[in-house]
file final39.pdb (PDB, C-alpha atoms)
ATOM      1  CA  MET A  19      13.191 -12.613  -5.095
ATOM      2  CA  GLY A  20      10.275 -15.001  -4.955
ATOM      3  CA  PHE A  21      10.813 -16.782  -1.649
ATOM      4  CA  PHE A  22       7.270 -18.088  -1.815
ATOM      5  CA  SER A  23       8.325 -19.948  -4.958
ATOM      6  CA  SER A  24      11.308 -21.580  -3.257
ATOM      7  CA  LYS A  25      11.115 -25.157  -2.094
ATOM      8  CA  SER A  26      12.287 -26.743   1.151
ATOM      9  CA  LYS A  27      11.069 -29.673   3.204
ATOM     10  CA  ASP A  28       9.040 -27.360   5.463
ATOM     11  CA  SER A  29       7.858 -24.892   2.833
ATOM     12  CA  GLY A  30       4.346 -26.346   2.624
ATOM     13  CA  ILE A  31       3.551 -24.770   5.989
ATOM     14  CA  VAL A  32       6.589 -22.601   6.772
ATOM     15  CA  LEU A  33       6.918 -20.248   3.811
ATOM     16  CA  THR A  34       9.902 -18.243   5.038
ATOM     17  CA  SER A  35      12.255 -17.735   7.967
ATOM     18  CA  ARG A  36      13.528 -14.240   8.658
ATOM     19  CA  ILE A  37      16.157 -12.764  10.950
ATOM     20  CA  ARG A  38      16.225  -9.015  11.459
ATOM     21  CA  LEU A  39      18.918  -7.197  13.452
ATOM     22  CA  ALA A  40      18.476  -3.601  14.646
ATOM     23  CA  ARG A  41      21.646  -1.527  14.994
ATOM     24  CA  ASN A  42      22.591   2.140  15.372
ATOM     25  CA  ILE A  43      25.799   4.078  14.819
ATOM     26  CA  ASP A  44      27.430   5.336  17.992
ATOM     27  CA  GLY A  45      27.239   9.110  18.433
ATOM     28  CA  MET A  46      24.714   9.653  15.627
ATOM     29  CA  PRO A  47      21.099  10.801  16.292
ATOM     30  CA  PHE A  48      18.352   8.254  15.655
ATOM     31  CA  PRO A  49      16.878   8.464  12.117
ATOM     32  CA  GLN A  50      13.865  10.539  13.179
ATOM     33  CA  LEU A  51      16.245  13.330  14.235
ATOM     34  CA  LEU A  52      18.719  13.182  11.361
ATOM     35  CA  SER A  53      19.258  16.151   9.068
ATOM     36  CA  ASP A  54      19.480  15.498   5.338
ATOM     37  CA  VAL A  55      23.265  15.762   5.517
ATOM     38  CA  GLU A  56      23.487  13.357   8.474
ATOM     39  CA  ALA A  57      21.130  10.891   6.801
ATOM     40  CA  LYS A  58      23.332  10.794   3.702
ATOM     41  CA  LYS A  59      26.391  10.345   5.901
ATOM     42  CA  VAL A  60      24.774   7.327   7.572
ATOM     43  CA  ILE A  61      23.918   5.772   4.200
ATOM     44  CA  ASP A  62      27.387   6.401   2.777
ATOM     45  CA  SER A  63      29.200   5.094   5.847
ATOM     46  CA  ILE A  64      27.221   1.826   5.964
ATOM     47  CA  TYR A  65      27.613   1.176   2.231
ATOM     48  CA  SER A  66      31.300   2.077   2.379
ATOM     49  CA  SER A  67      31.771  -0.270   5.325
ATOM     50  CA  LEU A  68      30.427  -3.149   3.259
ATOM     51  CA  LYS A  69      32.538  -2.276   0.228
ATOM     52  CA  ASN A  70      35.686  -2.145   2.363
ATOM     53  CA  SER A  71      34.922  -5.300   4.324
ATOM     54  CA  SER A  72      37.189  -8.341   4.306
ATOM     55  CA  ILE A  73      34.104 -10.557   3.807
ATOM     56  CA  PRO A  74      33.755 -11.194   0.050
ATOM     57  CA  GLU A  75      29.993 -11.897   0.004
ATOM     58  CA  VAL A  76      29.077  -8.281   0.777
ATOM     59  CA  LYS A  77      31.221  -6.536  -1.833
ATOM     60  CA  ASN A  78      28.635  -6.951  -4.605
ATOM     61  CA  PHE A  79      25.697  -5.590  -2.620
ATOM     62  CA  LYS A  80      23.951  -2.705  -4.384
ATOM     63  CA  LEU A  81      22.673   0.541  -2.893
ATOM     64  CA  VAL A  82      19.177   1.816  -3.729
ATOM     65  CA  ASN A  83      18.174   5.282  -2.486
ATOM     66  CA  LEU A  84      14.383   5.299  -2.171
ATOM     67  CA  SER A  85      14.254   8.905  -3.358
ATOM     68  CA  ASP A  86      15.738   7.780  -6.693
ATOM     69  CA  ILE A  87      13.050   5.232  -7.640
ATOM     70  CA  GLY A  88       9.324   5.362  -8.352
ATOM     71  CA  LYS A  89       6.570   4.676  -5.865
ATOM     72  CA  LEU A  90       5.494   1.445  -7.585
ATOM     73  CA  GLN A  91       9.029   0.078  -7.299
ATOM     74  CA  ILE A  92       9.104   1.034  -3.628
ATOM     75  CA  PHE A  93       5.762  -0.609  -2.819
ATOM     76  CA  ALA A  94       6.714  -3.686  -4.852
ATOM     77  CA  MET A  95       9.736  -4.101  -2.565
ATOM     78  CA  VAL A  96       7.341  -4.063   0.406
ATOM     79  CA  GLU A  97       5.267  -6.739  -1.312
ATOM     80  CA  ARG A  98       8.398  -8.872  -1.800
ATOM     81  CA  HIS A  99       9.215  -8.322   1.905
ATOM     82  CA  VAL A 100      12.500  -6.647   0.964
ATOM     83  CA  ILE A 101      11.685  -3.475   2.902
ATOM     84  CA  SER A 102       9.123  -2.521   5.539
ATOM     85  CA  LYS A 103       6.280  -0.044   5.219
ATOM     86  CA  ASP A 104       7.970   2.029   7.918
ATOM     87  CA  LEU A 105      10.952   2.681   5.648
ATOM     88  CA  ILE A 106       8.635   4.443   3.194
ATOM     89  CA  ASN A 107       7.650   6.964   5.868
ATOM     90  CA  ASN A 108      11.213   8.291   5.804
ATOM     91  CA  TYR A 109      11.889   7.584   2.121
ATOM     92  CA  GLN A 110      13.626  10.913   1.352
ATOM     93  CA  LYS A 111      16.352  10.013   3.857
ATOM     94  CA  ALA A 112      16.195   6.240   3.495
ATOM     95  CA  ALA A 113      17.933   3.595   1.423
ATOM     96  CA  VAL A 114      18.175  -0.166   1.121
ATOM     97  CA  ILE A 115      21.270  -2.236   0.393
ATOM     98  CA  LEU A 116      20.561  -5.540  -1.353
ATOM     99  CA  ASP A 117      22.268  -8.666  -2.524
ATOM    100  CA  GLU A 118      21.481  -9.901  -6.032
ATOM    101  CA  GLU A 119      18.856 -12.433  -4.906
ATOM    102  CA  GLU A 120      17.271 -10.117  -2.306
ATOM    103  CA  LYS A 121      17.961 -12.769   0.303
ATOM    104  CA  THR A 122      19.671 -10.034   2.305
ATOM    105  CA  SER A 123      18.391  -6.480   2.642
ATOM    106  CA  ILE A 124      19.808  -3.752   4.834
ATOM    107  CA  MET A 125      17.293  -0.984   5.455
ATOM    108  CA  VAL A 126      19.046   2.275   6.278
ATOM    109  CA  ASN A 127      17.356   5.024   8.306
ATOM    110  CA  GLU A 128      14.122   3.230   9.036
ATOM    111  CA  GLU A 129      13.355   3.265  12.795
ATOM    112  CA  ASP A 130      17.046   2.555  13.399
ATOM    113  CA  HIS A 131      20.105   3.350  11.291
ATOM    114  CA  ILE A 132      20.391  -0.307  10.329
ATOM    115  CA  ARG A 133      17.705  -2.946   9.952
ATOM    116  CA  LEU A 134      19.637  -5.938   8.618
ATOM    117  CA  GLN A 135      17.322  -8.651   7.295
ATOM    118  CA  VAL A 136      18.079 -12.148   6.013
ATOM    119  CA  MET A 137      15.216 -14.259   4.679
ATOM    120  CA  TYR A 138      15.387 -17.965   3.770
ATOM    121  CA  PRO A 139      12.701 -20.364   2.520
ATOM    122  CA  GLY A 140      11.183 -22.921   4.899
ATOM    123  CA  LEU A 141      12.222 -23.373   8.524
ATOM    124  CA  MET A 142      15.829 -22.156   8.394
ATOM    125  CA  LEU A 143      16.100 -19.702  11.277
ATOM    126  CA  LYS A 144      19.499 -20.895  12.463
ATOM    127  CA  GLU A 145      20.968 -20.693   8.976
ATOM    128  CA  ALA A 146      19.460 -17.236   8.459
ATOM    129  CA  TYR A 147      20.919 -16.012  11.751
ATOM    130  CA  GLU A 148      24.344 -17.419  10.943
ATOM    131  CA  TYR A 149      24.407 -15.475   7.675
ATOM    132  CA  ALA A 150      22.945 -12.301   9.246
ATOM    133  CA  ASN A 151      25.638 -12.434  11.925
ATOM    134  CA  LYS A 152      28.273 -12.626   9.200
ATOM    135  CA  ILE A 153      26.894  -9.544   7.442
ATOM    136  CA  ASP A 154      26.624  -7.770  10.807
ATOM    137  CA  ASP A 155      30.321  -8.459  11.415
ATOM    138  CA  ALA A 156      31.146  -7.063   7.978
ATOM    139  CA  ILE A 157      29.455  -3.751   8.803
ATOM    140  CA  GLU A 158      31.016  -3.577  12.256
ATOM    141  CA  GLU A 159      34.530  -3.891  10.830
ATOM    142  CA  ASN A 160      34.384  -0.184   9.977
ATOM    143  CA  ILE A 161      31.507   1.172  12.087
ATOM    144  CA  THR A 162      31.112   1.451  15.861
ATOM    145  CA  TYR A 163      27.659   0.457  17.059
ATOM    146  CA  ALA A 164      25.735   2.127  19.877
ATOM    147  CA  PHE A 165      26.144  -0.518  22.585
ATOM    148  CA  ASP A 166      25.823  -0.569  26.354
ATOM    149  CA  ALA A 167      27.554  -3.205  28.469
ATOM    150  CA  ARG A 168      24.453  -3.647  30.616
ATOM    151  CA  TYR A 169      21.596  -3.214  28.135
ATOM    152  CA  GLY A 170      23.162  -4.407  24.898
ATOM    153  CA  TYR A 171      22.466  -2.803  21.512
ATOM    154  CA  LEU A 172      20.714   0.548  21.876
ATOM    155  CA  THR A 173      17.712   1.095  19.620
ATOM    156  CA  SER A 174      15.154   3.784  18.856
ATOM    157  CA  CYS A 175      12.335   1.682  20.317
ATOM    158  CA  PRO A 176      12.960   0.241  23.830
ATOM    159  CA  THR A 177      11.332  -3.071  22.838
ATOM    160  CA  ASN A 178      14.315  -3.808  20.568
ATOM    161  CA  VAL A 179      17.043  -3.004  23.113
ATOM    162  CA  GLY A 180      19.317  -5.917  23.980
ATOM    163  CA  THR A 181      20.103  -8.352  21.211
ATOM    164  CA  GLY A 182      18.201  -6.212  18.701
ATOM    165  CA  ILE A 183      17.021  -9.420  17.071
ATOM    166  CA  ARG A 184      13.596 -10.131  15.647
ATOM    167  CA  ALA A 185      13.255 -13.714  14.471
ATOM    168  CA  SER A 186      10.112 -14.621  12.545
ATOM    169  CA  VAL A 187       8.503 -17.284  10.408
ATOM    170  CA  MET A 188       5.752 -16.896   7.825
ATOM    171  CA  LEU A 189       3.250 -19.722   8.181
ATOM    172  CA  HIS A 190       0.454 -20.910   5.890
ATOM    173  CA  LEU A 191      -2.297 -22.338   8.111
ATOM    174  CA  PRO A 192      -5.402 -23.000   6.000
ATOM    175  CA  ALA A 193      -6.437 -26.287   7.654
ATOM    176  CA  LEU A 194      -6.457 -24.757  11.128
ATOM    177  CA  THR A 195      -8.633 -21.982   9.725
ATOM    178  CA  TYR A 196     -10.984 -24.452   8.016
ATOM    179  CA  THR A 197     -11.400 -26.558  11.187
ATOM    180  CA  LYS A 198     -11.936 -23.361  13.226
ATOM    181  CA  ASN A 199      -8.963 -24.024  15.505
ATOM    182  CA  ILE A 200      -6.867 -21.079  14.398
ATOM    183  CA  ASN A 201      -7.893 -18.743  17.237
ATOM    184  CA  ASN A 202      -6.879 -21.295  19.870
ATOM    185  CA  ILE A 203      -3.453 -21.570  18.278
ATOM    186  CA  LEU A 204      -3.034 -17.805  18.014
ATOM    187  CA  ASN A 205      -3.969 -17.324  21.667
ATOM    188  CA  THR A 206      -1.499 -20.006  22.752
ATOM    189  CA  VAL A 207       1.296 -18.375  20.753
ATOM    190  CA  THR A 208       0.854 -15.036  22.520
ATOM    191  CA  GLN A 209       0.841 -16.744  25.919
ATOM    192  CA  VAL A 210       4.327 -18.202  25.355
ATOM    193  CA  GLY A 211       5.933 -14.842  24.615
ATOM    194  CA  MET A 212       5.519 -14.702  20.858
ATOM    195  CA  THR A 213       3.611 -12.207  18.752
ATOM    196  CA  ILE A 214       1.549 -13.006  15.678
ATOM    197  CA  ARG A 215       0.822 -10.665  12.783
ATOM    198  CA  GLY A 216      -0.489 -10.704   9.247
ATOM    199  CA  LEU A 217       1.242 -11.036   5.898
ATOM    200  CA  TYR A 218       3.047  -7.688   6.122
ATOM    201  CA  GLY A 219       3.849  -7.631   9.815
ATOM    202  CA  GLU A 220       2.551  -5.230  12.438
ATOM    203  CA  GLY A 221      -0.894  -3.809  11.702
ATOM    204  CA  SER A 222      -1.577  -6.057   8.702
ATOM    205  CA  ASN A 223      -4.227  -8.723   8.203
ATOM    206  CA  ALA A 224      -3.693 -12.463   7.755
ATOM    207  CA  MET A 225      -4.622 -12.553   4.080
ATOM    208  CA  GLY A 226      -4.527 -15.957   2.451
ATOM    209  CA  ASN A 227      -4.279 -17.675   5.861
ATOM    210  CA  MET A 228      -0.668 -16.481   6.169
ATOM    211  CA  TYR A 229       0.606 -15.537   9.617
ATOM    212  CA  GLN A 230       3.911 -14.089  10.790
ATOM    213  CA  VAL A 231       5.060 -15.394  14.199
ATOM    214  CA  SER A 232       7.989 -13.687  15.928
ATOM    215  CA  ASN A 233       9.645 -13.164  19.296
ATOM    216  CA  GLN A 234       8.517 -10.344  21.561
ATOM    217  CA  VAL A 235      11.471 -10.185  23.942
ATOM    218  CA  THR A 236      14.947  -9.019  22.872
ATOM    219  CA  LEU A 237      16.414  -8.181  26.301
ATOM    220  CA  GLY A 238      17.642 -10.773  28.812
ATOM    221  CA  LEU A 239      17.861 -13.666  26.363
ATOM    222  CA  SER A 240      20.626 -14.672  23.980
ATOM    223  CA  GLU A 241      20.075 -14.828  20.231
ATOM    224  CA  GLU A 242      20.283 -18.629  20.384
ATOM    225  CA  GLU A 243      17.639 -18.816  23.130
ATOM    226  CA  ILE A 244      15.273 -16.582  21.159
ATOM    227  CA  ILE A 245      15.714 -18.605  17.964
ATOM    228  CA  ASN A 246      15.404 -21.984  19.678
ATOM    229  CA  SER A 247      12.220 -20.858  21.412
ATOM    230  CA  LEU A 248      10.664 -19.750  18.130
ATOM    231  CA  ILE A 249      11.678 -22.996  16.423
ATOM    232  CA  ALA A 250      10.016 -25.006  19.212
ATOM    233  CA  VAL A 251       6.792 -22.984  18.933
ATOM    234  CA  THR A 252       6.841 -23.238  15.138
ATOM    235  CA  LYS A 253       7.207 -27.023  15.217
ATOM    236  CA  LYS A 254       4.200 -27.282  17.513
ATOM    237  CA  ILE A 255       2.139 -25.151  15.129
ATOM    238  CA  ILE A 256       3.295 -27.333  12.211
ATOM    239  CA  ASP A 257       2.116 -30.406  14.127
ATOM    240  CA  GLN A 258      -1.288 -28.827  14.720
ATOM    241  CA  GLU A 259      -1.693 -27.796  11.073
ATOM    242  CA  GLU A 260      -0.702 -31.293   9.899
ATOM    243  CA  ARG A 261      -3.170 -32.847  12.331
ATOM    244  CA  ALA A 262      -5.930 -30.549  11.046
ATOM    245  CA  ARG A 263      -5.144 -31.699   7.496
ATOM    246  CA  GLU A 264      -5.341 -35.326   8.612
ATOM    247  CA  ILE A 265      -8.769 -34.707  10.171
ATOM    248  CA  ILE A 266     -10.022 -33.140   6.929
ATOM    249  CA  ALA A 267      -8.647 -36.092   4.924
ATOM    250  CA  GLU A 268     -10.155 -38.692   7.270
ATOM    251  CA  LYS A 269     -13.628 -37.199   6.963
ATOM    252  CA  ARG A 270     -13.416 -37.214   3.147
ATOM    253  CA  ASN A 271     -15.687 -34.192   3.237
ATOM    254  CA  ILE A 272     -17.245 -33.614  -0.199
ATOM    255  CA  ALA A 273     -18.064 -30.037   0.821
ATOM    256  CA  PHE A 274     -14.352 -29.360   1.426
ATOM    257  CA  GLU A 275     -13.325 -30.821  -1.949
ATOM    258  CA  ASP A 276     -16.096 -28.841  -3.623
ATOM    259  CA  ASP A 277     -14.805 -25.640  -1.972
ATOM    260  CA  VAL A 278     -11.277 -26.368  -3.174
ATOM    261  CA  TYR A 279     -12.334 -27.025  -6.771
ATOM    262  CA  ARG A 280     -14.685 -24.032  -6.807
ATOM    263  CA  SER A 281     -11.732 -21.896  -5.678
ATOM    264  CA  LEU A 282      -9.667 -23.235  -8.561
ATOM    265  CA  GLY A 283     -12.517 -22.587 -10.971
ATOM    266  CA  ILE A 284     -12.790 -18.942  -9.917
ATOM    267  CA  LEU A 285      -9.032 -18.426 -10.261
ATOM    268  CA  LYS A 286      -8.985 -20.024 -13.731
ATOM    269  CA  TYR A 287     -12.010 -18.205 -15.161
ATOM    270  CA  ALA A 288     -12.757 -15.015 -13.171
ATOM    271  CA  LYS A 289     -12.632 -11.739 -15.111
ATOM    272  CA  THR A 290     -12.082  -9.552 -12.048
ATOM    273  CA  ILE A 291     -10.729 -10.320  -8.582
ATOM    274  CA  ASP A 292      -9.364  -8.271  -5.684
ATOM    275  CA  THR A 293      -6.194  -8.997  -3.723
ATOM    276  CA  ASN A 294      -7.810 -10.411  -0.604
ATOM    277  CA  GLU A 295     -10.164 -12.768  -2.444
ATOM    278  CA  CYS A 296      -7.362 -13.888  -4.732
ATOM    279  CA  LEU A 297      -5.004 -14.760  -1.874
ATOM    280  CA  ASN A 298      -7.724 -16.619  -0.003
ATOM    281  CA  LEU A 299      -8.561 -18.668  -3.100
ATOM    282  CA  ILE A 300      -4.874 -19.395  -3.741
ATOM    283  CA  SER A 301      -4.644 -20.586  -0.138
ATOM    284  CA  LYS A 302      -7.485 -23.079  -0.611
ATOM    285  CA  VAL A 303      -6.111 -24.390  -3.889
ATOM    286  CA  ARG A 304      -2.614 -24.645  -2.436
ATOM    287  CA  LEU A 305      -4.012 -26.755   0.404
ATOM    288  CA  GLY A 306      -5.855 -28.902  -2.114
ATOM    289  CA  VAL A 307      -2.638 -29.523  -4.043
ATOM    290  CA  GLU A 308      -0.647 -30.362  -0.902
ATOM    291  CA  MET A 309      -3.351 -32.807   0.238
ATOM    292  CA  GLY A 310      -3.387 -34.533  -3.150
ATOM    293  CA  ILE A 311      -6.952 -33.470  -3.996
ATOM    294  CA  ILE A 312      -5.869 -31.324  -6.959
ATOM    295  CA  LYS A 313      -3.177 -32.896  -9.118
ATOM    296  CA  GLU A 314      -3.220 -30.764 -12.272
ATOM    297  CA  VAL A 315      -1.834 -27.556 -10.737
ATOM    298  CA  ASP A 316       1.875 -26.858 -10.185
ATOM    299  CA  ILE A 317       2.294 -25.549  -6.652
ATOM    300  CA  LYS A 318       5.255 -23.431  -7.793
ATOM    301  CA  LYS A 319       2.857 -21.371  -9.889
ATOM    302  CA  LEU A 320       0.600 -20.829  -6.878
ATOM    303  CA  ASN A 321       3.567 -19.761  -4.777
ATOM    304  CA  GLU A 322       4.693 -17.279  -7.427
ATOM    305  CA  LEU A 323       1.194 -15.811  -7.617
ATOM    306  CA  ILE A 324       1.291 -14.850  -3.924
ATOM    307  CA  THR A 325       3.640 -12.001  -4.844
ATOM    308  CA  VAL A 326       2.600 -11.416  -8.452
ATOM    309  CA  VAL A 327      -1.032 -10.557  -7.581
ATOM    310  CA  GLN A 328      -0.029  -7.796  -5.157
ATOM    311  CA  PRO A 329      -1.114  -4.298  -6.319
ATOM    312  CA  ALA A 330       2.241  -2.629  -7.024
ATOM    313  CA  THR A 331       3.879  -5.738  -8.468
ATOM    314  CA  LEU A 332       1.093  -6.416 -10.953
ATOM    315  CA  GLN A 333       1.173  -2.768 -12.095
ATOM    316  CA  LEU A 334       4.902  -3.075 -12.777
ATOM    317  CA  ILE A 335       4.241  -6.278 -14.725
ATOM    318  CA  ASP A 336       1.485  -4.551 -16.721
ATOM    319  CA  GLY A 337       3.696  -1.510 -17.294
ATOM    320  CA  ARG A 338       1.264   1.153 -16.128
ATOM    321  CA  GLU A 339      -0.430   2.643 -13.072
ATOM    322  CA  LEU A 340      -3.944   1.360 -12.537
ATOM    323  CA  GLU A 341      -6.986   2.285 -10.470
ATOM    324  CA  GLY A 342      -8.609  -0.311  -8.175
ATOM    325  CA  ARG A 343     -11.133  -1.792 -10.632
ATOM    326  CA  ASP A 344      -8.582  -1.953 -13.442
ATOM    327  CA  ARG A 345      -6.098  -3.662 -11.122
ATOM    328  CA  ASP A 346      -8.685  -6.329 -10.338
ATOM    329  CA  VAL A 347      -9.165  -6.983 -14.061
ATOM    330  CA  VAL A 348      -5.431  -7.239 -14.710
ATOM    331  CA  ARG A 349      -4.971  -9.454 -11.641
ATOM    332  CA  ALA A 350      -7.619 -11.867 -12.908
ATOM    333  CA  ARG A 351      -5.983 -11.961 -16.334
ATOM    334  CA  ILE A 352      -2.539 -12.698 -14.877
ATOM    335  CA  VAL A 353      -3.963 -15.504 -12.733
ATOM    336  CA  ARG A 354      -5.838 -17.015 -15.687
ATOM    337  CA  GLU A 355      -2.715 -16.952 -17.848
ATOM    338  CA  THR A 356      -0.607 -18.477 -15.080
ATOM    339  CA  LEU A 357      -3.019 -21.354 -14.421
ATOM    340  CA  LYS A 358      -4.110 -22.140 -17.986
TER
END

call {"tool": "encode", "arguments": {"input": "final39.pdb", "output": "structure tokens"}}
result
Amino acid sequence: MGFFSSKSKDSGIVLTSRIRLARNIDGMPFPQLLSDVEAKKVIDSIYSSLKNSSIPEVKNFKLVNLSDIGKLQIFAMVERHVISKDLINNYQKAAVILDEEEKTSIMVNEEDHIRLQVMYPGLMLKEAYEYANKIDDAIEENITYAFDARYGYLTSCPTNVGTGIRASVMLHLPALTYTKNINNILNTVTQVGMTIRGLYGEGSNAMGNMYQVSNQVTLGLSEEEIINSLIAVTKKIIDQEERAREIIAEKRNIAFEDDVYRSLGILKYAKTIDTNECLNLISKVRLGVEMGIIKEVDIKKLNELITVVQPATLQLIDGRELEGRDRDVVRARIVRETLK
């Protein structure tokens, strides 16, 4: 699903909101210690629990065993933020359960037995949590979770013990980058108990000026407190990004407009382009469109390109596996055709 192509009132800066819940089955070893037979039992029991649930929304979810699909399909799911890179590390024992729109994905046998994820466009953390909680209840109708009255939900990694919740937002912050204020913002975020990562979470870079902000603490706070805290931080970042855009507009900087139009020119006419350069150029053009500088480009097309230009996705579109240089050529062609 192309969440970057969805539209909401906050989606200019807040691309997506995500809620992830970590759960484990009581009495079953953590995924790292599962035998092949136990891993299959975990997958079957979770999928069966959904199929037998009284909640109608979950009955049409589909099961995908990672061992049954090709590597390009697996990596394309990472690029769409449907699964994590960590799930691939255990792919022979792992699976993902999806709804039709890929709004909901349940990773099975990643770091924990269950990594339930709900992702919505824009700033919709409360709505995402409400739906994730509903799916969580559907699973728990037929499965007993590993839970301690004092510590809460028990997880493979101690940092997730407690609520097991990881709330996050994906932010596009090009103006703060352009005005060289981004580092101040990032430092402030970490000081208020949040963590900030790149486009694909932990260990990834902030390509295309996209940053993922999430809570660090899962123990000692309620889900509502964690979500409300992240919403408050996110709104402050939105204010700062909007102010940075106002400063750029007030200065009517010809160098900025030239940079934006040059970025568009490269995207429309380049014959070869790598992922990082492409995302950074899309970021500049997207900012130009949102500020009213560029009027002839549909922002929906730019949003769609954020996923389409990723390595595995573009190879699936092209119908063949490609080496690095050939991928760059195909990427440039896809961008040219999209923006013509």

call {"tool": "closest_atom_pairs", "arguments": {"input": "final39.pdb", "of": "stretch 25-49 of chain A", "to": "stretch 243-258 of chain A", "cutoff": "12 Å", "atoms": "all atoms listed in the file", "output": "JSON lines"}}
result
{"residue": "A:Asp28", "atom": "CA", "partner": "A:Ile256", "partner_atom": "CA", "distance": 8.9}
{"residue": "A:Ser29", "atom": "CA", "partner": "A:Ile256", "partner_atom": "CA", "distance": 10.7}
{"residue": "A:Gly30", "atom": "CA", "partner": "A:Ile256", "partner_atom": "CA", "distance": 9.7}
{"residue": "A:Ile31", "atom": "CA", "partner": "A:Ile256", "partner_atom": "CA", "distance": 6.7}
{"residue": "A:Val32", "atom": "CA", "partner": "A:Ile256", "partner_atom": "CA", "distance": 7.9}
{"residue": "A:Leu33", "atom": "CA", "partner": "A:Ile256", "partner_atom": "CA", "distance": 11.6}
{"residue": "A:Thr34", "atom": "CA", "partner": "A:Thr252", "partner_atom": "CA", "distance": 11.7}
{"residue": "A:Ser35", "atom": "CA", "partner": "A:Ile249", "partner_atom": "CA", "distance": 10.0}
{"residue": "A:Arg36", "atom": "CA", "partner": "A:Ile245", "partner_atom": "CA", "distance": 10.5}
{"residue": "A:Ile37", "atom": "CA", "partner": "A:Ile245", "partner_atom": "CA", "distance": 9.1}
{"residue": "A:Arg38", "atom": "CA", "partner": "A:Ile245", "partner_atom": "CA", "distance": 11.6}

call {"tool": "write_last_selection", "arguments": {"input": "final39.pdb", "atoms": "C-alpha atoms", "output": "compact mmCIF listing (two decimals), in the coordinates of the input"}}
result
# COMPACT_ATOMS: atom_id res chain seq x y z
CA ASP A 28 9.04 -27.36 5.46
CA SER A 29 7.86 -24.89 2.83
CA GLY A 30 4.35 -26.35 2.62
CA ILE A 31 3.55 -24.77 5.99
CA VAL A 32 6.59 -22.60 6.77
CA LEU A 33 6.92 -20.25 3.81
CA THR A 34 9.90 -18.24 5.04
CA SER A 35 12.26 -17.74 7.97
CA ARG A 36 13.53 -14.24 8.66
CA ILE A 37 16.16 -12.76 10.95
CA ARG A 38 16.23 -9.02 11.46

call {"tool": "residues_around", "arguments": {"input": "final39.pdb", "residues": "A:Ile161", "least_positions_apart": "2", "cutoff": "7 Å", "atoms": "only C-alpha atoms", "output": "PDB file with C-alpha atoms, in the coordinates of the input"}}
result
ATOM      1  CA  ILE A  43      25.799   4.078  14.819  1.00  0.00           C
ATOM      2  CA  SER A  67      31.771  -0.270   5.325  1.00  0.00           C
ATOM      3  CA  ILE A 157      29.455  -3.751   8.803  1.00  0.00           C
ATOM      4  CA  GLU A 158      31.016  -3.577  12.256  1.00  0.00           C
ATOM      5  CA  GLU A 159      34.530  -3.891  10.830  1.00  0.00           C
ATOM      6  CA  TYR A 163      27.659   0.457  17.059  1.00  0.00           C
TER       7      TYR A 163
END

call {"tool": "closest_residue", "arguments": {"input": "final39.pdb", "among": "A:Met95, A:Leu340, A:Ile106, A:Ala156", "to": "A:Ser71", "atoms": "only C-alpha atoms"}}
result
A:Ala156

call {"tool": "residues_around", "arguments": {"input": "final39.pdb", "residues": "A:Asp344", "least_positions_apart": "5", "cutoff": "10 Å", "atoms": "all atoms listed in the file", "output": "number ranges by chain"}}
result
A: 290-291, 333, 339, 349-350

call {"tool": "residues_around", "arguments": {"input": "final39.pdb", "residues": "A:Gln209", "least_positions_apart": "4", "cutoff": "12 Å", "atoms": "all atoms listed in the file", "output": "list in words"}}
result
Asn202, Ile203, Leu204, Asn205, Thr213, Ile214, Asn233, Gln234 and Val251 of chain A

call {"tool": "atom_distance", "arguments": {"input": "final39.pdb", "atom1": "atom CA of A:Ala113", "atom2": "atom CA of A:Val126"}}
result
5.2 Å

call {"tool": "residues_around", "arguments": {"input": "final39.pdb", "residues": "A:Val55", "least_positions_apart": "6", "cutoff": "12 Å", "atoms": "only C-alpha atoms", "output": "list in words"}}
result
Met46, Pro49, Ile61, Asp62, Gln110 and Lys111 of chain A

call {"tool": "atom_distance", "arguments": {"input": "final39.pdb", "atom1": "atom CA of A:Glu129", "atom2": "atom CA of A:Asp104"}}
result
7.4 Å

call {"tool": "resolve_selection", "arguments": {"input": "final39.pdb", "expression": "the PyMOL selection byres ((chain A and resi 123) around 9)", "output": "list of chain:residue names"}}
result
A:Val100, A:Ile101, A:Val114, A:Ile115, A:Leu116, A:Asp117, A:Glu120, A:Lys121, A:Thr122, A:Ile124, A:Met125, A:Arg133, A:Leu134, A:Gln135, A:Val136, A:Met137

call {"tool": "atom_distance", "arguments": {"input": "final39.pdb", "atom1": "atom CA of A:Gly211", "atom2": "atom CA of A:Val235"}}
result
7.3 Å

call {"tool": "residues_around", "arguments": {"input": "final39.pdb", "residues": "A:Phe93", "least_positions_apart": "5", "cutoff": "10 Å", "atoms": "all atoms listed in the file", "output": "number ranges by chain"}}
result
A: 88, 98-103, 106, 328-331

call {"tool": "resolve_selection", "arguments": {"input": "final39.pdb", "expression": "the PyMOL selection byres ((chain A and resi 165) around 12)", "output": "list in words"}}
result
Ala40, Arg41, Asn42, Ile43, Asp44, Gly45, Glu158, Ile161, Thr162, Tyr163, Ala164, Asp166, Ala167, Arg168, Tyr169, Gly170, Tyr171, Leu172, Thr173, Val179, Gly180, Thr181 and Gly182 of chain A
